[in-house]
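Engineer: Structure file upload_12.txt, compact mmCIF, C-alpha atoms and all ligand atoms, is pasted below:
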# COMPACT_ATOMS: atom_id res chain seq x y z
CA MET A 1 -9.71 41.28 -67.13
CA SER A 2 -11.69 40.55 -70.23
CA ARG A 3 -14.14 43.05 -71.64
CA ALA A 4 -16.44 40.17 -72.54
CA GLN A 5 -17.34 39.87 -68.84
CA ILE A 6 -18.49 43.46 -68.59
CA SER A 7 -22.08 44.18 -69.48
CA LYS A 8 -22.66 45.81 -72.85
CA SER A 9 -24.43 48.72 -71.23
CA ALA A 10 -21.51 49.41 -68.91
CA LEU A 11 -19.10 49.28 -71.85
CA ASN A 12 -21.37 51.66 -73.74
CA VAL A 13 -21.17 54.18 -70.93
CA LEU A 14 -17.41 53.77 -70.51
CA TYR A 15 -16.79 54.31 -74.24
CA GLY A 16 -19.33 57.12 -74.43
CA LEU A 17 -17.56 59.05 -71.68
CA LYS A 18 -14.15 58.39 -73.18
CA LYS A 19 -15.31 59.61 -76.58
CA ALA A 20 -16.62 62.79 -75.00
CA GLY A 21 -13.15 63.39 -73.56
CA TYR A 22 -13.64 62.25 -69.99
CA GLN A 23 -11.90 59.70 -67.82
CA ALA A 24 -14.04 56.65 -67.24
CA CYS A 25 -13.40 53.67 -65.00
CA LEU A 26 -15.23 50.68 -63.78
CA VAL A 27 -14.81 50.58 -60.02
CA GLY A 28 -15.96 48.98 -56.79
CA GLY A 29 -17.83 45.72 -56.52
CA GLY A 30 -17.93 45.16 -60.29
CA VAL A 31 -14.15 45.05 -60.75
CA ARG A 32 -13.63 43.18 -57.50
CA ASP A 33 -16.18 40.48 -58.31
CA LEU A 34 -14.81 39.92 -61.81
CA LEU A 35 -11.31 39.44 -60.39
CA VAL A 36 -12.61 37.08 -57.75
CA GLY A 37 -14.46 35.17 -60.46
CA ILE A 38 -18.05 35.77 -59.47
CA GLU A 39 -20.72 37.49 -61.48
CA PRO A 40 -21.06 41.14 -60.44
CA LYS A 41 -24.45 42.30 -59.22
CA ASP A 42 -23.97 45.59 -60.99
CA PHE A 43 -21.34 47.71 -62.66
CA ASP A 44 -20.51 51.07 -61.14
CA ILE A 45 -18.67 53.67 -63.14
CA ALA A 46 -16.58 56.58 -61.89
CA THR A 47 -15.62 59.54 -64.02
CA ASP A 48 -14.18 63.04 -63.88
CA ALA A 49 -17.27 64.35 -65.67
CA SER A 50 -19.71 66.16 -63.41
CA PRO A 51 -23.20 64.69 -63.06
CA GLU A 52 -24.52 67.40 -65.40
CA GLU A 53 -21.85 66.59 -67.95
CA VAL A 54 -22.72 62.90 -67.77
CA ARG A 55 -26.34 63.87 -68.21
CA SER A 56 -25.50 65.74 -71.41
CA VAL A 57 -23.44 62.88 -72.87
CA PHE A 58 -26.26 60.35 -72.52
CA ARG A 59 -29.78 61.20 -73.55
CA ASN A 60 -30.99 58.08 -71.74
CA SER A 61 -29.83 59.38 -68.36
CA ARG A 62 -31.12 61.27 -65.37
CA LEU A 63 -29.70 62.66 -62.16
CA ILE A 64 -30.63 61.19 -58.82
CA GLY A 65 -29.69 61.34 -55.16
CA ARG A 66 -29.42 63.94 -52.50
CA ARG A 67 -26.45 62.92 -50.38
CA PHE A 68 -24.59 61.74 -53.46
CA ARG A 69 -25.59 63.20 -56.77
CA LEU A 70 -25.30 60.49 -59.39
CA ALA A 71 -26.27 59.92 -62.98
CA HIS A 72 -28.27 56.87 -63.94
CA VAL A 73 -27.94 55.76 -67.54
CA ARG A 74 -30.68 53.45 -68.62
CA PHE A 75 -30.54 50.68 -71.21
CA GLY A 76 -33.84 48.85 -71.22
CA ARG A 77 -34.08 47.33 -67.78
CA GLU A 78 -30.43 47.78 -66.92
CA ILE A 79 -29.34 50.92 -65.11
CA ILE A 80 -25.70 51.93 -64.99
CA GLU A 81 -24.75 54.19 -62.13
CA VAL A 82 -22.19 56.86 -62.93
CA ALA A 83 -20.53 58.74 -60.07
CA THR A 84 -18.22 61.69 -60.33
CA PHE A 85 -14.85 61.23 -58.57
CA ARG A 86 -15.15 62.50 -55.01
CA ALA A 87 -12.63 63.73 -52.51
CA ALA A 88 -12.03 62.47 -49.00
CA HIS A 89 -14.04 64.16 -46.31
CA ASP A 90 -11.21 66.32 -44.95
CA LYS A 91 -10.87 68.12 -48.24
CA ALA A 92 -14.61 68.44 -48.36
CA GLN A 93 -14.52 69.83 -44.85
CA SER A 94 -11.98 72.50 -45.63
CA ALA A 95 -14.06 73.41 -48.66
CA GLY A 96 -16.95 73.77 -46.25
CA GLN A 97 -18.94 71.19 -48.12
CA ALA A 98 -18.87 68.18 -45.87
CA LEU A 99 -20.10 67.97 -42.36
CA VAL A 100 -18.08 65.88 -40.00
CA GLU A 101 -19.41 65.34 -36.54
CA ASP A 102 -17.64 63.16 -33.99
CA ASP A 103 -15.51 61.79 -36.83
CA ARG A 104 -18.61 60.83 -38.73
CA ILE A 105 -19.23 61.82 -42.31
CA LEU A 106 -22.63 63.37 -42.68
CA ARG A 107 -22.27 64.62 -46.20
CA ASP A 108 -19.42 64.24 -48.62
CA ASN A 109 -20.24 65.45 -51.98
CA VAL A 110 -17.18 67.35 -52.97
CA PHE A 111 -15.64 66.43 -56.29
CA GLY A 112 -12.04 65.34 -56.58
CA ASP A 113 -9.70 63.44 -58.82
CA ARG A 114 -9.32 59.73 -59.10
CA ASP A 115 -6.60 59.44 -56.46
CA GLU A 116 -8.84 61.18 -53.98
CA ASP A 117 -11.79 59.09 -55.01
CA ALA A 118 -9.81 55.94 -54.23
CA GLN A 119 -8.89 57.12 -50.74
CA ARG A 120 -12.43 57.51 -49.55
CA ARG A 121 -13.39 53.97 -50.48
CA ASP A 122 -13.52 51.41 -47.71
CA PHE A 123 -11.50 48.31 -48.57
CA THR A 124 -8.52 47.82 -50.87
CA VAL A 125 -10.40 45.33 -53.03
CA ASN A 126 -13.13 47.94 -53.54
CA ALA A 127 -10.72 50.57 -54.81
CA LEU A 128 -9.56 48.96 -58.04
CA TYR A 129 -10.20 51.05 -61.15
CA TYR A 130 -10.51 49.48 -64.57
CA ASP A 131 -9.60 52.27 -66.96
CA ILE A 132 -11.30 52.11 -70.34
CA ALA A 133 -8.60 54.33 -71.89
CA ASP A 134 -5.97 51.58 -71.81
CA PHE A 135 -7.77 48.59 -70.25
CA SER A 136 -5.45 48.67 -67.28
CA ILE A 137 -6.32 48.19 -63.64
CA ILE A 138 -5.21 50.98 -61.36
CA ASP A 139 -4.47 49.67 -57.92
CA TYR A 140 -3.69 52.32 -55.29
CA PHE A 141 -3.61 50.21 -52.15
CA GLY A 142 -2.58 46.68 -53.07
CA GLY A 143 -6.14 45.53 -53.65
CA TYR A 144 -5.06 43.16 -56.38
CA GLU A 145 -2.75 41.34 -54.00
CA ASP A 146 -5.53 41.23 -51.42
CA VAL A 147 -7.83 39.59 -53.96
CA GLU A 148 -5.14 36.95 -54.40
CA LYS A 149 -4.71 36.61 -50.66
CA LYS A 150 -8.48 36.51 -50.32
CA GLN A 151 -8.62 39.13 -47.66
CA ILE A 152 -10.64 42.23 -46.78
CA ARG A 153 -8.30 45.00 -45.76
CA MET A 154 -9.27 48.52 -44.78
CA ILE A 155 -7.72 51.47 -46.59
CA GLY A 156 -6.02 53.69 -44.02
CA GLU A 157 -6.37 53.44 -40.27
CA PRO A 158 -9.15 50.98 -39.46
CA TYR A 159 -10.33 52.58 -36.19
CA GLN A 160 -10.67 55.95 -37.84
CA ARG A 161 -12.35 54.60 -40.94
CA TYR A 162 -14.92 52.64 -38.92
CA ARG A 163 -15.64 55.71 -36.81
CA GLU A 164 -16.21 57.82 -39.93
CA ASP A 165 -18.85 55.38 -41.06
CA PRO A 166 -19.75 52.49 -38.76
CA VAL A 167 -21.64 50.70 -41.54
CA ARG A 168 -18.17 49.63 -42.66
CA LEU A 169 -18.17 47.24 -39.71
CA LEU A 170 -20.99 45.36 -41.36
CA ARG A 171 -19.58 45.75 -44.83
CA ALA A 172 -16.34 44.07 -43.74
CA VAL A 173 -18.29 41.10 -42.45
CA ARG A 174 -20.69 41.01 -45.37
CA LEU A 175 -17.99 41.12 -48.03
CA ALA A 176 -15.91 38.49 -46.22
CA ALA A 177 -19.00 36.27 -46.16
CA LYS A 178 -19.93 36.99 -49.76
CA LEU A 179 -16.45 36.48 -51.20
CA HIS A 180 -15.27 33.70 -48.88
CA PHE A 181 -12.49 36.05 -47.78
CA SER A 182 -10.90 36.47 -44.40
CA ILE A 183 -10.75 39.83 -42.67
CA GLU A 184 -7.14 40.93 -42.34
CA ALA A 185 -6.02 41.12 -38.69
CA GLU A 186 -5.77 44.89 -38.25
CA THR A 187 -9.04 45.37 -40.09
CA ALA A 188 -10.75 42.77 -37.92
CA GLU A 189 -9.29 43.88 -34.62
CA PRO A 190 -11.52 46.90 -33.87
CA ILE A 191 -14.79 45.41 -35.06
CA ALA A 192 -16.16 43.97 -31.83
CA GLU A 193 -15.04 46.96 -29.79
CA LEU A 194 -16.63 49.48 -32.16
CA GLY A 195 -19.85 47.50 -32.59
CA PRO A 196 -21.79 49.88 -30.33
CA LEU A 197 -21.28 52.64 -32.93
CA LEU A 198 -23.91 50.84 -34.99
CA ASP A 199 -26.52 51.92 -32.47
CA ASP A 200 -26.34 55.46 -33.88
CA VAL A 201 -26.50 54.61 -37.56
CA PRO A 202 -29.77 55.60 -39.28
CA ARG A 203 -32.05 52.61 -38.94
CA ALA A 204 -33.01 52.42 -42.61
CA ARG A 205 -29.40 52.14 -43.67
CA LEU A 206 -28.81 49.44 -41.10
CA PHE A 207 -31.82 47.50 -42.24
CA ASP A 208 -30.58 47.60 -45.85
CA GLU A 209 -27.34 46.02 -44.67
CA LEU A 210 -29.21 43.49 -42.60
CA LEU A 211 -31.14 42.37 -45.67
CA LYS A 212 -27.97 42.10 -47.71
CA LEU A 213 -26.33 40.03 -44.99
CA PHE A 214 -29.14 37.53 -44.82
CA GLN A 215 -30.79 37.58 -48.23
CA SER A 216 -27.89 37.32 -50.63
CA GLY A 217 -27.00 33.65 -50.54
CA HIS A 218 -24.32 33.83 -47.87
CA ALA A 219 -26.49 33.99 -44.76
CA VAL A 220 -24.75 31.12 -42.98
CA ARG A 221 -21.35 32.74 -43.23
CA SER A 222 -22.72 36.21 -42.46
CA TYR A 223 -24.33 34.88 -39.32
CA ALA A 224 -21.16 33.12 -38.21
CA LEU A 225 -19.04 36.23 -38.75
CA LEU A 226 -21.54 38.52 -37.05
CA GLN A 227 -21.36 36.21 -34.04
CA GLU A 228 -17.60 35.96 -34.18
CA HIS A 229 -17.23 39.74 -34.17
CA ASP A 230 -19.96 40.28 -31.62
CA LEU A 231 -22.13 42.36 -33.95
CA LEU A 232 -25.30 40.31 -34.17
CA HIS A 233 -26.92 41.71 -31.04
CA HIS A 234 -26.68 45.24 -32.46
CA LEU A 235 -28.99 44.16 -35.27
CA LEU A 236 -31.23 41.48 -33.85
CA LEU A 237 -32.64 40.72 -30.46
CA TRP A 238 -30.74 37.70 -29.35
CA PRO A 239 -30.90 35.74 -26.10
CA GLU A 240 -27.87 35.56 -23.85
CA GLN A 241 -28.19 31.81 -23.87
CA VAL A 242 -29.75 30.20 -26.92
CA GLU A 243 -31.41 26.80 -26.52
CA ALA A 244 -29.78 24.15 -28.69
CA VAL A 245 -33.03 23.50 -30.55
CA ASP A 246 -33.49 27.18 -31.39
CA GLN A 247 -29.92 27.44 -32.59
CA GLN A 248 -30.58 24.44 -34.80
CA LEU A 249 -33.65 26.13 -36.22
CA VAL A 250 -31.70 29.26 -37.12
CA ASP A 251 -28.84 27.27 -38.65
CA LEU A 252 -31.20 25.15 -40.72
CA ALA A 253 -33.24 28.14 -41.91
CA LEU A 254 -30.18 30.07 -43.05
CA ALA A 255 -28.67 27.03 -44.77
CA ASP A 256 -32.00 26.42 -46.54
CA SER A 257 -32.26 29.98 -47.76
CA ASP A 258 -28.69 29.96 -49.10
CA GLU A 259 -29.49 26.69 -50.85
CA ARG A 260 -32.70 28.06 -52.35
CA LEU A 261 -30.95 31.13 -53.77
CA LYS A 262 -28.19 28.94 -55.17
CA SER A 263 -30.73 26.91 -57.10
CA GLY A 264 -32.40 30.04 -58.44
CA LYS A 265 -35.40 30.03 -56.13
CA SER A 266 -36.57 33.07 -54.28
CA ILE A 267 -36.73 33.53 -50.54
CA ALA A 268 -39.11 35.63 -48.48
CA PRO A 269 -37.50 37.98 -45.95
CA PHE A 270 -40.30 37.40 -43.45
CA PHE A 271 -39.45 33.70 -43.31
CA THR A 272 -35.79 34.39 -42.58
CA PHE A 273 -36.72 36.87 -39.87
CA ALA A 274 -39.27 34.46 -38.44
CA ALA A 275 -36.36 32.08 -37.90
CA LEU A 276 -33.88 34.72 -36.72
CA LEU A 277 -36.25 36.09 -34.09
CA TRP A 278 -37.46 32.66 -32.98
CA PRO A 279 -34.79 32.23 -30.26
CA ILE A 280 -35.76 35.45 -28.50
CA ARG A 281 -39.42 34.65 -28.89
CA GLN A 282 -38.84 31.27 -27.29
CA GLU A 283 -36.87 32.85 -24.49
CA ILE A 284 -39.70 35.27 -23.72
CA PHE A 285 -42.13 32.36 -23.84
CA ALA A 286 -40.07 30.39 -21.33
CA GLN A 287 -39.66 33.39 -19.04
CA GLU A 288 -43.35 34.22 -19.00
CA ARG A 289 -44.55 30.69 -18.66
CA PRO A 290 -44.64 30.55 -14.85
CA ASN A 291 -46.84 33.67 -14.81
CA ASN A 292 -49.34 32.54 -17.37
CA GLU A 293 -51.68 29.58 -17.48
CA ASP A 294 -53.25 30.32 -20.81
CA THR A 295 -51.01 28.86 -23.49
CA TYR A 296 -52.73 30.67 -26.31
CA ALA A 297 -52.27 34.03 -24.61
CA LEU A 298 -48.70 33.12 -23.81
CA HIS A 299 -47.87 32.38 -27.44
CA ASN A 300 -49.43 35.62 -28.44
CA LEU A 301 -47.60 37.59 -25.82
CA ALA A 302 -44.21 36.04 -26.65
CA SER A 303 -44.62 36.72 -30.36
CA HIS A 304 -45.73 40.29 -29.98
CA ARG A 305 -43.18 41.17 -27.38
CA ALA A 306 -40.33 39.70 -29.43
CA VAL A 307 -41.42 41.76 -32.40
CA SER A 308 -42.00 44.99 -30.52
CA ASP A 309 -38.66 44.72 -28.70
CA GLN A 310 -36.98 44.14 -32.05
CA GLN A 311 -38.72 47.22 -33.42
CA HIS A 312 -37.02 49.25 -30.69
CA LEU A 313 -33.62 47.87 -31.55
CA LEU A 314 -33.91 47.98 -35.32
CA PRO A 315 -37.30 48.35 -36.94
CA ILE A 316 -38.29 45.79 -39.51
CA PRO A 317 -40.88 47.02 -42.01
CA LYS A 318 -44.52 46.11 -41.47
CA ARG A 319 -44.69 44.23 -44.74
CA ILE A 320 -42.24 41.75 -43.20
CA ILE A 321 -43.55 41.77 -39.63
CA GLN A 322 -47.13 41.02 -40.58
CA PRO A 323 -46.54 37.70 -42.38
CA LEU A 324 -43.89 36.82 -39.80
CA LEU A 325 -46.43 37.08 -36.99
CA GLU A 326 -48.95 35.08 -39.00
CA THR A 327 -46.40 32.35 -39.58
CA TRP A 328 -45.72 32.15 -35.86
CA SER A 329 -49.32 32.34 -34.78
CA LEU A 330 -50.38 29.49 -37.06
CA GLN A 331 -47.90 27.14 -35.34
CA ASP A 332 -50.35 26.68 -32.52
CA ARG A 333 -53.13 25.67 -34.85
CA PHE A 334 -51.27 22.70 -36.31
CA GLU A 335 -52.02 20.93 -33.06
CA ARG A 336 -55.74 20.81 -33.80
CA ARG A 337 -56.28 17.90 -36.13
CA ILE A 338 -59.89 16.91 -35.50
CA GLY A 339 -63.00 18.14 -37.28
CA LYS A 340 -63.14 21.12 -39.63
CA LYS A 341 -60.19 23.03 -38.24
CA PRO A 342 -57.46 21.32 -40.30
CA TYR A 343 -59.36 22.11 -43.51
CA LYS A 344 -59.65 25.74 -42.53
CA LEU A 345 -55.97 25.92 -41.77
CA LEU A 346 -55.12 24.31 -45.09
CA HIS A 347 -56.85 27.18 -46.87
CA HIS A 348 -55.28 29.91 -44.82
CA PRO A 349 -53.30 32.23 -47.12
CA ARG A 350 -50.25 31.80 -44.89
CA PHE A 351 -50.55 28.01 -44.65
CA ARG A 352 -47.59 27.26 -46.88
CA ALA A 353 -45.11 29.39 -44.95
CA ALA A 354 -46.46 28.20 -41.61
CA TYR A 355 -46.16 24.57 -42.73
CA ASP A 356 -42.59 25.17 -43.90
CA PHE A 357 -41.87 26.67 -40.51
CA LEU A 358 -43.38 23.64 -38.81
CA LEU A 359 -41.07 21.40 -40.86
CA LEU A 360 -38.17 23.55 -39.78
CA ARG A 361 -39.16 23.22 -36.12
CA ALA A 362 -39.47 19.47 -36.51
CA ARG A 363 -36.05 19.16 -38.13
CA ALA A 364 -34.51 21.38 -35.46
CA ALA A 365 -36.09 19.30 -32.71
CA SER A 366 -34.85 16.07 -34.18
CA ALA A 367 -31.36 17.51 -34.68
CA ALA A 368 -31.39 18.51 -31.03
CA GLY A 369 -32.72 15.09 -30.08
CA ILE A 370 -35.92 16.32 -28.45
CA GLU A 371 -39.68 16.36 -29.07
CA PRO A 372 -40.14 13.43 -31.46
CA GLU A 373 -43.88 14.25 -31.51
CA LEU A 374 -43.11 17.34 -33.57
CA ALA A 375 -41.84 15.19 -36.42
CA GLU A 376 -44.99 13.11 -36.18
CA LEU A 377 -47.11 16.26 -36.33
CA ALA A 378 -45.22 17.55 -39.36
CA GLN A 379 -45.65 14.19 -41.08
CA TRP A 380 -49.38 14.26 -40.38
CA TRP A 381 -49.66 17.63 -42.14
CA THR A 382 -47.55 16.45 -45.04
CA ASP A 383 -49.86 13.46 -45.47
CA PHE A 384 -52.99 15.52 -44.99
CA GLN A 385 -52.04 17.83 -47.84
CA HIS A 386 -51.28 15.11 -50.31
CA THR A 387 -53.99 12.56 -49.71
CA ASP A 388 -57.54 12.14 -51.07
CA ASN A 389 -60.72 13.38 -49.42
CA ASP A 390 -61.74 10.06 -47.90
CA THR A 391 -58.43 9.67 -46.16
CA ARG A 392 -58.61 13.25 -44.99
CA ASP A 393 -62.01 12.61 -43.47
CA ALA A 394 -60.62 9.57 -41.70
CA MET A 395 -57.63 11.54 -40.47
CA THR A 396 -59.78 14.27 -38.95
CA ARG A 397 -62.55 12.08 -37.53
CA PRO A 398 -62.92 12.27 -33.78
CA ARG A 399 -61.65 9.13 -32.07
CA SER A 400 -64.21 7.01 -30.23
CA LYS A 401 -62.96 8.57 -27.04
CA PRO A 402 -63.08 12.25 -27.97
CA LYS A 403 -59.66 13.68 -27.79
CA ARG A 404 -59.06 16.48 -25.37
CA ARG A 405 -57.41 19.60 -26.39
CA ARG A 406 -53.72 19.14 -26.05
CA SER A 407 -52.08 20.14 -22.86
CA PRO A 408 -49.52 22.94 -22.87
CA LYS A 409 -46.79 20.32 -22.45
CA LYS A 410 -47.41 19.39 -26.05
CA GLN A 411 -46.10 22.72 -27.31
CA SER A 412 -42.67 22.86 -28.80
CA GLU A 413 -41.38 25.14 -26.10
CA ALA A 414 -41.14 22.48 -23.42
P1 LIG B 1 -21.97 44.68 -53.48
O1 LIG B 1 -22.55 45.56 -54.53
O2 LIG B 1 -21.48 43.38 -53.93
O3 LIG B 1 -22.83 44.58 -52.29
P2 LIG B 1 -20.08 46.80 -53.33
O4 LIG B 1 -18.70 46.87 -52.74
O5 LIG B 1 -20.21 47.05 -54.78
O6 LIG B 1 -20.66 45.40 -52.92
P3 LIG B 1 -21.78 49.06 -53.01
O7 LIG B 1 -22.62 49.45 -51.84
O8 LIG B 1 -22.40 48.78 -54.31
O9 LIG B 1 -20.98 47.78 -52.51
O10 LIG B 1 -20.66 50.19 -53.12
C1 LIG B 1 -19.89 50.38 -54.29
C2 LIG B 1 -18.50 50.90 -53.90
O11 LIG B 1 -18.61 52.13 -53.18
C3 LIG B 1 -17.73 49.99 -52.97
O12 LIG B 1 -17.05 48.98 -53.67
C4 LIG B 1 -16.78 50.97 -52.30
O13 LIG B 1 -15.69 51.29 -53.14
C5 LIG B 1 -17.64 52.20 -52.15
N1 LIG B 1 -18.34 52.21 -50.86
C6 LIG B 1 -19.60 51.75 -50.60
N2 LIG B 1 -19.93 51.93 -49.32
C7 LIG B 1 -18.88 52.54 -48.74
C8 LIG B 1 -18.61 53.00 -47.41
N3 LIG B 1 -19.50 52.86 -46.43
N4 LIG B 1 -17.41 53.61 -47.19
C9 LIG B 1 -16.52 53.76 -48.18
N5 LIG B 1 -16.71 53.33 -49.43
C10 LIG B 1 -17.87 52.74 -49.72
MG MG B 2 -22.12 47.27 -55.89
Could you render the structure from this file as C-alpha cells?
Ligand code: ATP
Ligand code: MG
Structural biologist:
Amino acid sequence: MSRAQISKSALNVLYGLKKAGYQACLVGGGVRDLLVGIEPKDFDIATDASPEEVRSVFRNSRLIGRRFRLAHVRFGREIIEVATFRAAHDKAQSAGQALVEDDRILRDNVFGDRDEDAQRRDFTVNALYYDIADFSIIDYFGGYEDVEKKQIRMIGEPYQRYREDPVRLLRAVRLAAKLHFSIEAETAEPIAELGPLLDDVPRARLFDELLKLFQSGHAVRSYALLQEHDLLHHLLLWPEQVEAVDQQLVDLALADSDERLKSGKSIAPFFTFAALLWPIRQEIFAQERPNNEDTYALHNLASHRAVSDQQHLLPIPKRIIQPLLETWSLQDRFERRIGKKPYKLLHHPRFRAAYDFLLLRARAASAAGIEPELAELAQWWTDFQHTDNDTRDAMTRPRSKPKRRRSPKKQSEA
C-alpha cells in the first residue's frame, strides 16, 4: 500500500500519534478500499491512546459520541475519526461495561488492545490494520486473501455475529454490492433466515443503512442482493407480486441514479424512494379501484396509504416524504393539456422531478410493452417545455370539439 493514496490529514494524525508514543493504524473501510483499488470515502484510525489522550495530542480535535466515544481531528473541511482500540463484548460484559441482551450488543465501550479490536469487527476485509510504525498490514483473519478472492466473509461464527448486531446482515449485502464482491457461503447462509431480526433494530440506524444501500452508486446491485437474500421487505413495503411495468420502473430508476452518481451528478433521495415505493402504491391503487369511482380520490388514497404503511415499517423522514408525495400527485395533472393548466404545472416547484418521473413511467411502460399513450404524453411535455409561446398556445388550445376530461382508463395503472 502506498502512502501517497492516504489523505494528508490521515497521515498527519497517524504520525502525530506515533510521535507521541502511541500505536496508530489505519483500519476498516479505508484500508479495504485502497486494497480493492477504489477511493476510500474516509479514513478511520485506531489507536491505543484513550480519547482524552488523543484530544491532548491534537489541538484541532474534540471528543464526540455517546455509545462510542471518539476523537475527531479536524483539518479544514476534512475530519479524521480516531477510535481507541475496543474489546469484544464478552470482555466488556465481564467488566460490567457492556450490556448484552438476547445476544445483542447494546453498549460496548470497553477499551482493549489491537487483537481484541480486530475481533469485534464484522468482516475479514474490514479488519486489516495498516500500521504507521512499520508500514505493514496486520491481517488477523485472512482479510487480505479475501480481498483477492473478492469475498465478504464474517469473522467468527456468522449466526452469532448477526444476532449480536443484525445490521451486519445489511452491511454484508451493501459491501458486496459496493465492492463487487460475493458473499462467502457460510456468511451468506444465515442471512435470509435471520432477516426478521432487522425488525427490532432502531429505525434510525436502519434508515441510515437504507440510504447507503440506495444512494451510493451501487443501488442496482444492492437491490438485487436484498432480493436474493430476502431482506428487501424488511426495509420497504413491497408487493407479493410486482407488475412487470412497476418492476421496470424500479430497475430503470436505480440504474439511472447509479449512472448519475458515476458522472458526478447528485441524486435526490425522494426521487429514489418515489420509485421504490411505486410498486406498492400501484398495488394499493389496483386493489382499491373496484371500490372507488373517483380516480382523483383513488390516486390520493393509494399514495397516502403507501406512504403511511411504509412509515409503520420503517419511517422515512418528512423531508423526503413531502416531495415524494408531490412528485406522485403531479402525475395526474400531466393529463390535462388544454387551457391554462399546463402553464401552471410548468411553474410548479416540483415540476422538474414530476416530469422526470413521468419520463420514467413512460420508459417503463414501453419496456413492458404497454400503454404507448404514456410515451406520447411524455413527448408532449418535452415539446411543451422547449418550444416558443405561439406553439405552446397552439398546443393548449381547445380542439373544435372540446375535449372531455380523460376517462380513468387513461391512467397508467390500467
Ligand atoms: P463504508 O465506510 O465504505 O461504508 P466501512 O466498512 O468503512 O464502509 P463504517 O460504518 O465506516 O463502514 O465502519 C468502519 C469499520 O468499523 C468497519 O470497516 C468495521 O471494521 C467496523 N464496523 C462498522 N460497523 C460494524 C458492525 N456493525 N459490526 C462490527 N464492526 C463494524
Ligand atoms: Mg467507513
Engineer: Can you work out the spacing between CA of Val307 (chain A) and CA of Ala274 (chain A) in Å, to one decimal?
Structural biologist: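 CA of Ala274 (chain A) lies 9.7 Å from CA of Val307 (chain A).
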Engineer: Please build the interface table for chain A against ligand LIG 1 (chain B) with a cut-off of 7 Å, listing for each qualifying residue the nearest atom pair and the distance in Å to one decimal; count all atoms listed in the file, order rows by chain and increasing number, and write it as a tab-separated table.
Structural biologist:
residue	atom	partner	partner_atom	distance
A:Val27	CA	B:LIG1	O12	6.9
A:Gly28	CA	B:LIG1	O12	3.3
A:Gly29	CA	B:LIG1	O5	3.2
A:Gly30	CA	B:LIG1	O5	6.3
A:Pro40	CA	B:LIG1	O2	6.9
A:Lys41	CA	B:LIG1	O1	6.0
A:Asp42	CA	B:LIG1	O1	6.6
A:Asp44	CA	B:LIG1	C1	6.9
A:Arg120	CA	B:LIG1	C9	5.7
A:Arg121	CA	B:LIG1	N5	3.5
A:Asp122	CA	B:LIG1	C9	3.8
A:Phe123	CA	B:LIG1	O13	6.9
A:Asn126	CA	B:LIG1	O12	4.1
A:Ala127	CA	B:LIG1	O13	5.3
A:Asp165	CA	B:LIG1	N3	6.0
A:Val167	CA	B:LIG1	N3	5.8
A:Arg168	CA	B:LIG1	N3	5.1
Engineer: Which distance in Å separates CA of Arg86 (chain A) and CA of Ile45 (chain A), to one decimal?
Structural biologist: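 Taking CA of Arg86 (chain A) and CA of Ile45 (chain A), their separation equals 12.5 Å.
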Engineer: Taking only C-alpha atoms into account, which of A:Thr391, A:Asp256, A:Leu232, A:Asn12 comes nearest Arg363 (chain A)?
Structural biologist: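 Under the stated criterion, the closest residue is A:Asp256.
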Engineer: How many Å separate CA of Phe43 (chain A) from CA of Ser7 (chain A)?
Structural biologist: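 Taking CA of Phe43 (chain A) and CA of Ser7 (chain A), their separation equals 7.7 Å.
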Engineer: Take the point (-20.5, 39.9, -37.5) in the file's coordinates, draw a sphere of radius 6 Å around it, and report as a VMD selection string every protein, DNA or RNA residue with an atom inside or on it, counting only C-alpha atoms.
Structural biologist: chain A and resid 173 225 to 232
Engineer: Check the smallest atom-to-atom distance from each of A:Arg171, A:Ala354, A:Pro158, A:Arg55 to ligand MG 2 (chain B) using all atoms listed in the file, then report the winner.
Structural biologist: A:Arg171
Engineer: Find the spatial neighbours of Asp393 (chain A), counting all atoms listed in the file, within a cut-off of 12 Å - ignore same-chain residues fewer than 3 positions away - and output them as a list in words.
Structural biologist: Arg337, Ile338, Gly339, Lys340, Lys341, Pro342, Tyr343, Phe384, Thr387, Asp388, Asn389, Asp390, Thr396, Arg397, Pro398 and Arg399 of chain A
Engineer: Residues within 10 Å of Gly16 (chain A), please, as a PyMOL selection string. Count all atoms listed in the file; anything in the same chain fewer than 6 positions from it doesn't count.
Structural biologist: chain A and resi 10+22+24+54+57-58
Engineer: With all atoms listed in the file as the basis for distance, which of A:Lys8, A:Arg392, A:Lys212, A:Arg3 is at the shortest distance from ligand MG 2 (chain B)?
Structural biologist: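 Among the listed residues, the smallest separation from ligand MG 2 (chain B) belongs to A:Lys212.
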Engineer: With only C-alpha atoms and all ligand atoms as the basis for distance, which of A:Leu324, A:Ala118, A:Val31, A:Leu249 is at the shortest distance from ligand MG 2 (chain B)?
Structural biologist: A:Val31
Engineer: Go through A:Val13, A:Leu175, A:Gly21, A:Ala49 and flag the residue nearest ligand MG 2 (chain B), using all atoms listed in the file for the distances.
Structural biologist: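 Nearest candidate to ligand MG 2 (chain B) out of A:Val13, A:Leu175, A:Gly21, A:Ala49: A:Leu175.
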Engineer: Applying 10 Å and all atoms listed in the file, which residues near Leu210 (chain A) remain after dropping the ones on its own chain fewer than 2 positions away? List them as a list in words.
Structural biologist: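 Final neighbour list, sorted by chain and number: Leu170, Arg174, Ala204, Arg205, Leu206, Phe207, Asp208, Lys212, Leu213, Phe214, Gln215, Ser222, Leu232, Leu235, Leu236, Leu314 and Ile316 of chain A.
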Engineer: Go through A:Ile267, A:Leu325, A:Leu63, A:Met154 one by one, measure the shortest atom-to-atom distance of each to Gly217 (chain A) using only C-alpha atoms, and give the residue with the smallest value.
Structural biologist: A:Ile267
Engineer: If we count only C-alpha atoms and set the cut-off at 12 Å, which residues sit around Asp258 (chain A), ignoring sequence neighbours fewer than 5 positions away in its own chain? Please answer as a ChimeraX atom specification.
Structural biologist: /A:177-178,213-223,251-253,263-268,272
